[in-house]
Amino acid sequence: MAADTPGRDPVETQETLSNLLQETRKFAPPAELAESANVTAAAYEEAAADRLAFWERAAERLTWDRRWDTTLEWNPPFAKWFVGGKLNVAYNCVDRHVEAGNGDKVAYYWEGEPEGDSRTLTYADLKREVSKAANALQELGVAKGDRVAIYMPMIPELPIALLACARIGAIHSVVFGGFSASALSGRILDADAKVVITADGGFRRGAPSALKPTVDEALKECPDVTSVLVVRRTGQEIDFNDRDVWWHDLVDRQSEEHEPVPHDAEDPLYILYTSGTTGRPKGILHTTGGYLTQTAWTHHAVFDLKPETDIYWCTADIGWVTGHSYIVYGPLANGATSVIYEGTPDTPHKGRFWEVVQKYKVTILYTAPTAIRTFMKWGDDIPAKFDMSSLRVLGSVGEPINPEAYVWYREHIGGSRCPVVDTWWQTETGAIMISPLPGVTAGKPGAAMRPLPGITADVVDDQAQSVPNGGGGFLVVRDPWPAMLRTIWGDDQRYIDTYWSRFDGMYFPGDGSKRDEDGDLWLLGRVDDVMLVSGHNISTTEVESALVSHPKVAEAAVVGATDPVTGQAIVAFTILRGSAEESADIAAELRNHVAKTLGPIAKPRQILVVPELPKTRSGKIMRRLLRDVAENRSLGDVTTLTDDSVMNLIATKLPSAK
Ligand code: ATP
Ligand code: MG
């Protein structure tokens, strides 16, 4: 396991993960989609026959200033892709579409949280704005290789700032706008950023929420930051000091021309710190050529993106890797038209997402299980009020999707006609690695299915042997892939220890997985979260999915708590659906339901009905804290929680459950 996630590694004592959940539903791709799909089953064969040639063809979808000499240089665990090649990422994402006559095509429909507040940016607009911002950064003294920290709301200036850095070869480090001053200063210091780009604030949950004061606070610790570039978004009163400069003062007066110089395929593009679900954040380093190749190809293949007709919407924040790869780089490299939404799904009403889908006639929607389970909790009647007949492909990312949430998403959002692609990947992998292809794969609810063409993922036991069909164990990747992280910023040793030391010569992402009888892959959550009950390794995902399959349950989190009899016992925290009543016998009902679905071994010792679950700022359940609660310990680090009052709410529920 990761060197810096101390303590637990129960799977090590066992060969495999128990395989409890039986799911037989299967959904074939719609005939029309299959006939016109961007990528067919042949891609798997082509990639299997010659993996490097496959990635070369994917790289040829980009515009290179100089073709590479060597496709892959592999000095394990350090990879270089497209060595000797030169390209400009911003040119690929912006200028080349304008030069091809698509300047009037919309790149982004931006929808602010306050209703009626929207902007449209064509590719020509984007070229102008990115050029001006690139000139502005150069005026501030930013040069190739310098780091620029970005701490912004979801406004158009955010992707513009990323692309301006990429254009001049500066390395951006985006810090999600919800992080605290200390999280921000820690990341600025680790990357040694010279300039910070921010805004006075952004709109969240119906009110302006300030960002600049957090930057001011953070910068007390960061003497090396020379300039702060501030976008005026909310008009809030903010402090301004010597190093601060308004975006509208500096950027607006710049020339609209900026010559994009070619960068090396292995020049750094960005650093992104992982969300911190499991420990001290790691500065994941991505480079240009391989990263853009794989983000663009996967966006084309997994979403079947047709740039002429599709309206694509990824609801992630650009502060996470999903936003980097699938709001900014992949879609723009493909010349897509995307929607960006600034706010939360419940503002000003719980149908806001569906209103956005209806307004822009969104055809491809990419969101997270946490959001889907929230929509389930709010009730089916909300999406039913909107016309979502434009949708044709649905995607999921971030956590395992429970089969019931998948089926709900398919039915209530996708009108039972859209394939759901469950995409497994990480900040570290840079791009999607395991996913169905919407025109090829008959999807199973809850399964990420197969490694994409060109990706050699496998499931192994603790002796690094491939498990047979029907077995479970550790997910690994056997060969380097173009968008892989190159290292942890400034810490090669931590890169080696964290990802390449558990299994010799293989990348270990830290996730458990099983391979079903058909050979399809199911992701079973983090290996650190696996429970060891009476000698069986049981995945939290499977028990949570069993709970969510009960009609009264919207969301569940389970943990293993020390137990004198069974080693660990399962403790479940559940949120009920909007319409379900909490009754005295609900715990018994749910325990029996799990026993019936998965077998008696998985029956929770305790079930607690709670109003909320602790989540990271990227929306993932933080089981570590629930384990502290279940074992009556004082809580560990809560700084990455969205809302730490949640833990108090949960604590008040405890005695009644015993
Ligand atoms: P940290 O590494 O700091 O703890 P994090 O792992 O939450 O944070 P990300 O890189 O955003 O940060 O998330 C990647 C992880 O999310 C994967 O390792 C996996 O555990 C989970 N994940 C993402 N997509 C899926 C999916 N489709 N199915 C199952 N799990 C997924
Ligand atoms: Mg991780």
# chains A, B, ... in the order shown; residues from 1 in each chain; ligands from 1

$ closest_atom_pairs --of "chain A" --to "ligand 1" --cutoff "8 Å" --atoms "only C-alpha atoms and all ligand atoms" --output "JSON lines"
{"residue": "A:Tyr273", "atom": "CA", "partner": "ligand 1", "partner_atom_place_in_ligand_line": "3 (O)", "distance": 7.4}
{"residue": "A:Thr274", "atom": "CA", "partner": "ligand 1", "partner_atom_place_in_ligand_line": "3 (O)", "distance": 4.0}
{"residue": "A:Ser275", "atom": "CA", "partner": "ligand 1", "partner_atom_place_in_ligand_line": "3 (O)", "distance": 4.1}
{"residue": "A:Gly276", "atom": "CA", "partner": "ligand 1", "partner_atom_place_in_ligand_line": "3 (O)", "distance": 3.2}
{"residue": "A:Thr277", "atom": "CA", "partner": "ligand 1", "partner_atom_place_in_ligand_line": "4 (O)", "distance": 3.4}
{"residue": "A:Thr278", "atom": "CA", "partner": "ligand 1", "partner_atom_place_in_ligand_line": "4 (O)", "distance": 3.8}
{"residue": "A:Gly279", "atom": "CA", "partner": "ligand 1", "partner_atom_place_in_ligand_line": "3 (O)", "distance": 6.2}
{"residue": "A:Arg280", "atom": "CA", "partner": "ligand 1", "partner_atom_place_in_ligand_line": "3 (O)", "distance": 7.3}
{"residue": "A:Pro281", "atom": "CA", "partner": "ligand 1", "partner_atom_place_in_ligand_line": "3 (O)", "distance": 5.6}
{"residue": "A:Lys282", "atom": "CA", "partner": "ligand 1", "partner_atom_place_in_ligand_line": "3 (O)", "distance": 6.9}
{"residue": "A:Trp320", "atom": "CA", "partner": "ligand 1", "partner_atom_place_in_ligand_line": "11 (O)", "distance": 6.6}
{"residue": "A:Val321", "atom": "CA", "partner": "ligand 1", "partner_atom_place_in_ligand_line": "11 (O)", "distance": 6.4}
{"residue": "A:Thr322", "atom": "CA", "partner": "ligand 1", "partner_atom_place_in_ligand_line": "11 (O)", "distance": 7.5}
{"residue": "A:Ser396", "atom": "CA", "partner": "ligand 1", "partner_atom_place_in_ligand_line": "27 (N)", "distance": 6.3}
{"residue": "A:Val397", "atom": "CA", "partner": "ligand 1", "partner_atom_place_in_ligand_line": "24 (N)", "distance": 4.4}
{"residue": "A:Gly398", "atom": "CA", "partner": "ligand 1", "partner_atom_place_in_ligand_line": "23 (C)", "distance": 3.5}
{"residue": "A:Glu399", "atom": "CA", "partner": "ligand 1", "partner_atom_place_in_ligand_line": "31 (C)", "distance": 3.7}
{"residue": "A:Pro400", "atom": "CA", "partner": "ligand 1", "partner_atom_place_in_ligand_line": "29 (C)", "distance": 3.3}
{"residue": "A:Ile401", "atom": "CA", "partner": "ligand 1", "partner_atom_place_in_ligand_line": "28 (N)", "distance": 6.2}
{"residue": "A:Asp422", "atom": "CA", "partner": "ligand 1", "partner_atom_place_in_ligand_line": "27 (N)", "distance": 5.0}
{"residue": "A:Thr423", "atom": "CA", "partner": "ligand 1", "partner_atom_place_in_ligand_line": "27 (N)", "distance": 4.2}
{"residue": "A:Trp424", "atom": "CA", "partner": "ligand 1", "partner_atom_place_in_ligand_line": "27 (N)", "distance": 3.6}
{"residue": "A:Trp425", "atom": "CA", "partner": "ligand 1", "partner_atom_place_in_ligand_line": "24 (N)", "distance": 5.1}
{"residue": "A:Gln426", "atom": "CA", "partner": "ligand 1", "partner_atom_place_in_ligand_line": "10 (O)", "distance": 3.7}
{"residue": "A:Thr427", "atom": "CA", "partner": "ligand 1", "partner_atom_place_in_ligand_line": "10 (O)", "distance": 3.7}
{"residue": "A:Glu428", "atom": "CA", "partner": "ligand 1", "partner_atom_place_in_ligand_line": "10 (O)", "distance": 6.2}
{"residue": "A:Ile434", "atom": "CA", "partner": "ligand 1", "partner_atom_place_in_ligand_line": "27 (N)", "distance": 7.9}
{"residue": "A:Ser435", "atom": "CA", "partner": "ligand 1", "partner_atom_place_in_ligand_line": "27 (N)", "distance": 7.7}
{"residue": "A:Ala447", "atom": "CA", "partner": "ligand 1", "partner_atom_place_in_ligand_line": "28 (N)", "distance": 7.8}
{"residue": "A:Ala448", "atom": "CA", "partner": "ligand 1", "partner_atom_place_in_ligand_line": "27 (N)", "distance": 6.2}
{"residue": "A:Pro509", "atom": "CA", "partner": "ligand 1", "partner_atom_place_in_ligand_line": "18 (O)", "distance": 5.9}
{"residue": "A:Gly510", "atom": "CA", "partner": "ligand 1", "partner_atom_place_in_ligand_line": "18 (O)", "distance": 6.3}
{"residue": "A:Asp511", "atom": "CA", "partner": "ligand 1", "partner_atom_place_in_ligand_line": "20 (O)", "distance": 5.5}
{"residue": "A:Trp522", "atom": "CA", "partner": "ligand 1", "partner_atom_place_in_ligand_line": "28 (N)", "distance": 7.7}
{"residue": "A:Leu523", "atom": "CA", "partner": "ligand 1", "partner_atom_place_in_ligand_line": "29 (C)", "distance": 4.8}
{"residue": "A:Leu524", "atom": "CA", "partner": "ligand 1", "partner_atom_place_in_ligand_line": "29 (C)", "distance": 6.6}
{"residue": "A:Gly525", "atom": "CA", "partner": "ligand 1", "partner_atom_place_in_ligand_line": "20 (O)", "distance": 5.2}
{"residue": "A:Arg526", "atom": "CA", "partner": "ligand 1", "partner_atom_place_in_ligand_line": "20 (O)", "distance": 5.2}
{"residue": "A:Thr616", "atom": "CA", "partner": "ligand 1", "partner_atom_place_in_ligand_line": "7 (O)", "distance": 7.8}
{"residue": "A:Ser618", "atom": "CA", "partner": "ligand 1", "partner_atom_place_in_ligand_line": "11 (O)", "distance": 7.2}
{"residue": "A:Lys620", "atom": "CA", "partner": "ligand 1", "partner_atom_place_in_ligand_line": "7 (O)", "distance": 6.6}

$ write_last_selection --atoms "C-alpha atoms" --output "compact mmCIF listing (two decimals), in the first residue's frame"
# COMPACT_ATOMS: atom_id res chain seq x y z
CA TYR A 273 -2.44 17.85 -5.65
CA THR A 274 -4.61 14.80 -4.99
CA SER A 275 -7.67 15.54 -2.95
CA GLY A 276 -6.26 14.14 0.26
CA THR A 277 -8.79 11.39 0.98
CA THR A 278 -5.98 9.27 2.36
CA GLY A 279 -3.20 11.52 3.65
CA ARG A 280 -0.69 14.29 2.92
CA PRO A 281 -1.45 15.61 -0.59
CA LYS A 282 0.84 14.54 -3.40
CA TRP A 320 -10.13 18.39 -9.75
CA VAL A 321 -8.43 16.24 -12.35
CA THR A 322 -11.78 15.43 -13.96
CA SER A 396 -19.84 8.48 -14.04
CA VAL A 397 -16.53 9.03 -12.22
CA GLY A 398 -15.03 9.42 -8.77
CA GLU A 399 -16.19 6.43 -6.77
CA PRO A 400 -17.61 3.01 -7.55
CA ILE A 401 -21.17 3.53 -8.76
CA ASP A 422 -18.54 4.06 -15.55
CA THR A 423 -15.03 5.46 -15.94
CA TRP A 424 -12.25 4.42 -13.56
CA TRP A 425 -9.16 6.58 -13.33
CA GLN A 426 -7.22 8.81 -10.92
CA THR A 427 -5.40 12.12 -10.69
CA GLU A 428 -2.30 10.01 -11.20
CA ILE A 434 -11.05 1.41 -17.48
CA SER A 435 -14.47 2.04 -18.96
CA ALA A 447 -18.90 -2.44 -13.48
CA ALA A 448 -16.19 -0.37 -15.17
CA PRO A 509 -3.25 2.54 -7.74
CA GLY A 510 -4.36 1.46 -4.26
CA ASP A 511 -7.77 0.14 -5.34
CA TRP A 522 -15.58 -4.23 -10.94
CA LEU A 523 -13.83 -1.64 -8.80
CA LEU A 524 -14.21 -2.36 -5.10
CA GLY A 525 -12.94 0.81 -3.46
CA ARG A 526 -9.66 1.55 -1.79
CA THR A 616 -14.11 15.17 0.94
CA SER A 618 -14.45 16.35 -4.16
CA LYS A 620 -16.08 11.19 -1.82

$ residues_around --residues "stretch 33-47 of chain A" --least-positions-apart "3" --cutoff "9 Å" --atoms "only C-alpha atoms" --output "list in words"
Pro29, Pro30, Asp50, Arg51, Leu52, Ala53, Phe54, Trp55, His300, Ala301, Val302, Asp304, Leu305, Lys306, Arg392, Leu437, Pro438, Gly439, Val440, Thr441, Leu452, Pro453, Gly454 and Ile455 of chain A

$ select_by_dssp --residues "stretch 337-436 of chain A" --states "alpha helix (DSSP H)" --output "list in words"
Arg352, Phe353, Trp354, Glu355, Val356, Val357, Gln358, Lys359, Tyr360, Pro369, Thr370, Ala371, Ile372, Arg373, Thr374, Phe375, Met376, Lys377, Trp378, Asp381, Ile382, Pro383, Ala384, Pro403, Glu404, Ala405, Tyr406, Val407 and Trp408 of chain A

$ closest_atom_pairs --of "stretch 239-309 of chain A" --to "stretch 83-95 of chain A" --cutoff "10 Å" --atoms "only C-alpha atoms" --output "JSON lines"
{"residue": "A:Glu259", "atom": "CA", "partner": "A:Tyr91", "partner_atom": "CA", "distance": 9.3}
{"residue": "A:Pro260", "atom": "CA", "partner": "A:Tyr91", "partner_atom": "CA", "distance": 6.5}
{"residue": "A:Val261", "atom": "CA", "partner": "A:Asn88", "partner_atom": "CA", "distance": 6.5}
{"residue": "A:Pro262", "atom": "CA", "partner": "A:Leu87", "partner_atom": "CA", "distance": 4.7}
{"residue": "A:His263", "atom": "CA", "partner": "A:Lys86", "partner_atom": "CA", "distance": 5.2}
{"residue": "A:Asp264", "atom": "CA", "partner": "A:Lys86", "partner_atom": "CA", "distance": 4.6}
{"residue": "A:Ala265", "atom": "CA", "partner": "A:Gly85", "partner_atom": "CA", "distance": 5.3}
{"residue": "A:Glu266", "atom": "CA", "partner": "A:Val83", "partner_atom": "CA", "distance": 7.1}
{"residue": "A:Asp267", "atom": "CA", "partner": "A:Lys86", "partner_atom": "CA", "distance": 9.3}
{"residue": "A:Leu269", "atom": "CA", "partner": "A:Val89", "partner_atom": "CA", "distance": 8.5}
{"residue": "A:Thr288", "atom": "CA", "partner": "A:Val89", "partner_atom": "CA", "distance": 6.7}
{"residue": "A:Gly289", "atom": "CA", "partner": "A:Leu87", "partner_atom": "CA", "distance": 7.1}
{"residue": "A:Gly290", "atom": "CA", "partner": "A:Val83", "partner_atom": "CA", "distance": 9.7}
{"residue": "A:Tyr291", "atom": "CA", "partner": "A:Val89", "partner_atom": "CA", "distance": 9.7}
{"residue": "A:Leu292", "atom": "CA", "partner": "A:Val89", "partner_atom": "CA", "distance": 7.3}
{"residue": "A:Ala296", "atom": "CA", "partner": "A:Cys93", "partner_atom": "CA", "distance": 9.8}

$ write_last_selection --atoms "all heavy atoms" --output "mmCIF file, in the first residue's frame"
data_model
loop_
_atom_site.group_PDB
_atom_site.id
_atom_site.type_symbol
_atom_site.label_atom_id
_atom_site.label_comp_id
_atom_site.auth_asym_id
_atom_site.auth_seq_id
_atom_site.Cartn_x
_atom_site.Cartn_y
_atom_site.Cartn_z
ATOM 1 N N GLU A 259 2.057 34.551 -30.152
ATOM 2 C CA GLU A 259 2.620 33.442 -30.940
ATOM 3 C C GLU A 259 2.842 32.221 -30.039
ATOM 4 O O GLU A 259 3.601 32.296 -29.072
ATOM 5 C CB GLU A 259 3.965 33.925 -31.524
ATOM 6 C CG GLU A 259 4.602 33.010 -32.534
ATOM 7 C CD GLU A 259 3.739 32.803 -33.783
ATOM 8 O OE1 GLU A 259 3.032 33.758 -34.189
ATOM 9 O OE2 GLU A 259 3.793 31.691 -34.328
ATOM 10 N N PRO A 260 2.171 31.100 -30.312
ATOM 11 C CA PRO A 260 2.402 29.924 -29.464
ATOM 12 C C PRO A 260 3.705 29.215 -29.831
ATOM 13 O O PRO A 260 3.845 28.741 -30.959
ATOM 14 C CB PRO A 260 1.202 29.018 -29.776
ATOM 15 C CG PRO A 260 0.746 29.427 -31.130
ATOM 16 C CD PRO A 260 1.197 30.838 -31.377
ATOM 17 N N VAL A 261 4.645 29.182 -28.923
ATOM 18 C CA VAL A 261 5.914 28.489 -29.227
ATOM 19 C C VAL A 261 5.765 27.001 -28.908
ATOM 20 O O VAL A 261 5.046 26.627 -27.997
ATOM 21 C CB VAL A 261 7.116 29.067 -28.431
ATOM 22 C CG1 VAL A 261 7.390 30.495 -28.844
ATOM 23 C CG2 VAL A 261 6.869 28.978 -26.930
ATOM 24 N N PRO A 262 6.446 26.155 -29.678
ATOM 25 C CA PRO A 262 6.371 24.714 -29.406
ATOM 26 C C PRO A 262 7.080 24.353 -28.099
ATOM 27 O O PRO A 262 8.119 24.937 -27.778
ATOM 28 C CB PRO A 262 7.121 24.084 -30.588
ATOM 29 C CG PRO A 262 7.393 25.166 -31.560
ATOM 30 C CD PRO A 262 7.269 26.468 -30.856
ATOM 31 N N HIS A 263 6.495 23.414 -27.365
ATOM 32 C CA HIS A 263 7.138 22.895 -26.160
ATOM 33 C C HIS A 263 7.446 21.421 -26.364
ATOM 34 O O HIS A 263 6.805 20.743 -27.169
ATOM 35 C CB HIS A 263 6.241 23.091 -24.937
ATOM 36 C CG HIS A 263 5.926 24.524 -24.668
ATOM 37 N ND1 HIS A 263 6.880 25.424 -24.250
ATOM 38 C CD2 HIS A 263 4.775 25.230 -24.791
ATOM 39 C CE1 HIS A 263 6.329 26.618 -24.114
ATOM 40 N NE2 HIS A 263 5.053 26.531 -24.453
ATOM 41 N N ASP A 264 8.385 20.955 -25.569
ATOM 42 C CA ASP A 264 8.764 19.554 -25.648
ATOM 43 C C ASP A 264 7.620 18.666 -25.138
ATOM 44 O O ASP A 264 6.913 19.037 -24.211
ATOM 45 C CB ASP A 264 10.000 19.370 -24.763
ATOM 46 C CG ASP A 264 10.708 18.092 -25.089
ATOM 47 O OD1 ASP A 264 10.319 17.031 -24.547
ATOM 48 O OD2 ASP A 264 11.635 18.154 -25.915
ATOM 49 N N ALA A 265 7.460 17.500 -25.741
ATOM 50 C CA ALA A 265 6.395 16.576 -25.324
ATOM 51 C C ALA A 265 6.494 16.218 -23.850
ATOM 52 O O ALA A 265 5.495 15.888 -23.213
ATOM 53 C CB ALA A 265 6.438 15.303 -26.163
ATOM 54 N N GLU A 266 7.696 16.270 -23.301
ATOM 55 C CA GLU A 266 7.868 15.945 -21.885
ATOM 56 C C GLU A 266 8.030 17.177 -20.999
ATOM 57 O O GLU A 266 8.356 17.051 -19.817
ATOM 58 C CB GLU A 266 9.030 14.959 -21.684
ATOM 59 C CG GLU A 266 8.652 13.514 -22.023
ATOM 60 C CD GLU A 266 7.559 12.928 -21.104
ATOM 61 O OE1 GLU A 266 7.406 13.394 -19.972
ATOM 62 O OE2 GLU A 266 6.854 12.007 -21.551
ATOM 63 N N ASP A 267 7.819 18.373 -21.534
ATOM 64 C CA ASP A 267 7.804 19.544 -20.662
ATOM 65 C C ASP A 267 6.585 19.447 -19.741
ATOM 66 O O ASP A 267 5.516 19.007 -20.171
ATOM 67 C CB ASP A 267 7.704 20.836 -21.485
ATOM 68 C CG ASP A 267 9.060 21.294 -22.025
ATOM 69 O OD1 ASP A 267 10.090 20.831 -21.496
ATOM 70 O OD2 ASP A 267 9.079 22.097 -22.981
ATOM 71 N N LEU A 269 3.207 20.180 -17.837
ATOM 72 C CA LEU A 269 2.006 20.961 -18.132
ATOM 73 C C LEU A 269 1.399 21.470 -16.823
ATOM 74 O O LEU A 269 1.078 22.632 -16.693
ATOM 75 C CB LEU A 269 0.989 20.093 -18.885
ATOM 76 C CG LEU A 269 -0.356 20.726 -19.240
ATOM 77 C CD1 LEU A 269 -0.174 21.926 -20.171
ATOM 78 C CD2 LEU A 269 -1.283 19.704 -19.899
ATOM 79 N N THR A 288 3.079 17.216 -21.362
ATOM 80 C CA THR A 288 2.176 17.692 -22.422
ATOM 81 C C THR A 288 1.730 16.654 -23.461
ATOM 82 O O THR A 288 0.550 16.400 -23.621
ATOM 83 C CB THR A 288 2.821 18.882 -23.173
ATOM 84 O OG1 THR A 288 4.022 18.446 -23.798
ATOM 85 C CG2 THR A 288 3.128 20.021 -22.246
ATOM 86 N N GLY A 289 2.676 16.055 -24.190
ATOM 87 C CA GLY A 289 2.312 15.279 -25.378
ATOM 88 C C GLY A 289 1.478 14.051 -25.079
ATOM 89 O O GLY A 289 0.412 13.839 -25.663
ATOM 90 N N GLY A 290 1.947 13.226 -24.150
ATOM 91 C CA GLY A 290 1.227 11.998 -23.813
ATOM 92 C C GLY A 290 -0.096 12.314 -23.146
ATOM 93 O O GLY A 290 -1.123 11.681 -23.414
ATOM 94 N N TYR A 291 -0.077 13.309 -22.267
ATOM 95 C CA TYR A 291 -1.301 13.682 -21.548
ATOM 96 C C TYR A 291 -2.385 14.130 -22.525
ATOM 97 O O TYR A 291 -3.535 13.674 -22.457
ATOM 98 C CB TYR A 291 -0.977 14.801 -20.548
ATOM 99 C CG TYR A 291 -2.202 15.353 -19.854
ATOM 100 C CD1 TYR A 291 -2.770 14.679 -18.788
ATOM 101 C CD2 TYR A 291 -2.800 16.540 -20.294
ATOM 102 C CE1 TYR A 291 -3.905 15.167 -18.154
ATOM 103 C CE2 TYR A 291 -3.925 17.041 -19.669
ATOM 104 C CZ TYR A 291 -4.478 16.349 -18.599
ATOM 105 O OH TYR A 291 -5.607 16.830 -17.984
ATOM 106 N N LEU A 292 -2.024 15.005 -23.454
ATOM 107 C CA LEU A 292 -3.047 15.502 -24.380
ATOM 108 C C LEU A 292 -3.513 14.392 -25.337
ATOM 109 O O LEU A 292 -4.685 14.325 -25.700
ATOM 110 C CB LEU A 292 -2.526 16.712 -25.168
ATOM 111 C CG LEU A 292 -3.625 17.543 -25.825
ATOM 112 C CD1 LEU A 292 -4.561 18.156 -24.772
ATOM 113 C CD2 LEU A 292 -3.056 18.644 -26.708
ATOM 114 N N ALA A 296 -7.476 13.439 -25.060
ATOM 115 C CA ALA A 296 -8.268 13.685 -26.270
ATOM 116 C C ALA A 296 -8.838 12.379 -26.818
ATOM 117 O O ALA A 296 -10.020 12.297 -27.161
ATOM 118 C CB ALA A 296 -7.406 14.380 -27.330
#

$ select_by_dssp --residues "stretch 324-367 of chain A" --states "strand (DSSP E or B)" --output "JSON, numbers by chain"
{"A": [337, 338, 339, 340, 341, 364, 365, 366, 367]}

$ residues_around --residues "A:Tyr312" --least-positions-apart "2" --cutoff "7 Å" --atoms "only C-alpha atoms" --output "PDB file with N, CA and C atoms, in the first residue's frame"
ATOM      1  N   ASP A 310     -22.600  17.365 -30.820  1.00  0.00           N
ATOM      2  CA  ASP A 310     -22.798  17.131 -29.389  1.00  0.00           C
ATOM      3  C   ASP A 310     -22.668  18.400 -28.555  1.00  0.00           C
ATOM      4  N   CYS A 314     -19.600  18.243 -18.415  1.00  0.00           N
ATOM      5  CA  CYS A 314     -18.971  17.550 -17.292  1.00  0.00           C
ATOM      6  C   CYS A 314     -19.187  18.441 -16.080  1.00  0.00           C
ATOM      7  N   THR A 337     -18.091  21.345 -28.076  1.00  0.00           N
ATOM      8  CA  THR A 337     -18.862  22.413 -27.446  1.00  0.00           C
ATOM      9  C   THR A 337     -19.288  21.914 -26.074  1.00  0.00           C
ATOM     10  N   SER A 338     -18.851  22.634 -25.018  1.00  0.00           N
ATOM     11  CA  SER A 338     -19.126  22.184 -23.650  1.00  0.00           C
ATOM     12  C   SER A 338     -19.941  23.210 -22.880  1.00  0.00           C
ATOM     13  N   VAL A 339     -20.575  22.719 -21.836  1.00  0.00           N
ATOM     14  CA  VAL A 339     -21.245  23.584 -20.865  1.00  0.00           C
ATOM     15  C   VAL A 339     -20.368  23.637 -19.614  1.00  0.00           C
ATOM     16  N   VAL A 362     -28.198  19.400 -23.790  1.00  0.00           N
ATOM     17  CA  VAL A 362     -26.986  18.617 -23.533  1.00  0.00           C
ATOM     18  C   VAL A 362     -27.185  17.193 -24.049  1.00  0.00           C
ATOM     19  N   THR A 363     -26.167  16.680 -24.743  1.00  0.00           N
ATOM     20  CA  THR A 363     -26.265  15.320 -25.286  1.00  0.00           C
ATOM     21  C   THR A 363     -25.425  14.325 -24.488  1.00  0.00           C
ATOM     22  N   ILE A 364     -24.330  14.809 -23.868  1.00  0.00           N
ATOM     23  CA  ILE A 364     -23.452  13.928 -23.101  1.00  0.00           C
ATOM     24  C   ILE A 364     -23.277  14.544 -21.721  1.00  0.00           C
ATOM     25  N   LEU A 365     -23.567  13.768 -20.684  1.00  0.00           N
ATOM     26  CA  LEU A 365     -23.459  14.273 -19.314  1.00  0.00           C
ATOM     27  C   LEU A 365     -22.485  13.394 -18.540  1.00  0.00           C
TER      28      LEU A 365
END

$ residues_around --residues "stretch 356-361 of chain A" --least-positions-apart "6" --cutoff "12 Å" --atoms "only C-alpha atoms" --output "PyMOL selection string"
chain A and resi 106+108-113+115-116+118+120+309-315+337-345+347+349-350+383-392+413-414

$ write_last_selection --atoms "C-alpha atoms" --output "CSV table (one decimal), in the first residue's frame"
chain,number,residue,atom,x,y,z
A,106,VAL,CA,-19.0,27.6,-29.4
A,108,TYR,CA,-18.1,27.0,-23.8
A,109,TYR,CA,-21.6,27.8,-22.8
A,110,TRP,CA,-21.0,29.2,-19.4
A,111,GLU,CA,-23.9,29.3,-16.9
A,112,GLY,CA,-23.4,31.3,-13.8
A,113,GLU,CA,-25.2,30.3,-10.6
A,115,GLU,CA,-30.1,32.7,-13.0
A,116,GLY,CA,-29.8,34.6,-16.3
A,118,SER,CA,-24.5,33.4,-18.7
A,120,THR,CA,-20.9,32.1,-24.6
A,309,THR,CA,-23.5,18.0,-33.0
A,310,ASP,CA,-22.8,17.1,-29.4
A,311,ILE,CA,-23.3,19.4,-26.4
A,312,TYR,CA,-21.1,18.0,-23.7
A,313,TRP,CA,-21.3,18.7,-20.0
A,314,CYS,CA,-19.0,17.6,-17.3
A,315,THR,CA,-20.2,18.7,-13.9
A,337,THR,CA,-18.9,22.4,-27.4
A,338,SER,CA,-19.1,22.2,-23.7
A,339,VAL,CA,-21.2,23.6,-20.9
A,340,ILE,CA,-19.6,24.9,-17.7
A,341,TYR,CA,-21.8,25.6,-14.7
A,342,GLU,CA,-20.6,27.7,-11.8
A,343,GLY,CA,-22.7,26.6,-8.9
A,344,THR,CA,-24.3,23.9,-6.9
A,345,PRO,CA,-27.1,21.6,-8.1
A,347,THR,CA,-29.5,26.5,-6.4
A,349,HIS,CA,-33.9,24.8,-6.8
A,350,LYS,CA,-33.1,21.1,-6.9
A,383,PRO,CA,-35.9,15.3,-13.1
A,384,ALA,CA,-39.2,14.2,-14.5
A,385,LYS,CA,-40.3,17.9,-14.8
A,386,PHE,CA,-37.6,18.6,-17.5
A,387,ASP,CA,-37.1,17.7,-21.1
A,388,MET,CA,-33.9,15.7,-21.2
A,389,SER,CA,-34.6,13.9,-24.5
A,390,SER,CA,-31.4,15.4,-26.0
A,391,LEU,CA,-29.2,13.2,-23.8
A,392,ARG,CA,-27.5,10.2,-25.5
A,413,ILE,CA,-31.9,10.9,-16.3
A,414,GLY,CA,-31.2,8.8,-19.5

$ closest_residue --among "A:Val98, A:Met647, A:Leu272, A:Ala133" --to "ligand 2" --atoms "only C-alpha atoms and all ligand atoms"
A:Leu272

$ closest_residue --among "A:Leu285, A:Arg61, A:His248, A:Tyr151" --to "A:Gly490" --atoms "only C-alpha atoms"
A:Leu285

$ atom_distance --atom1 "atom CA of A:Tyr123" --atom2 "atom CA of A:Asn102"
7.0 Å
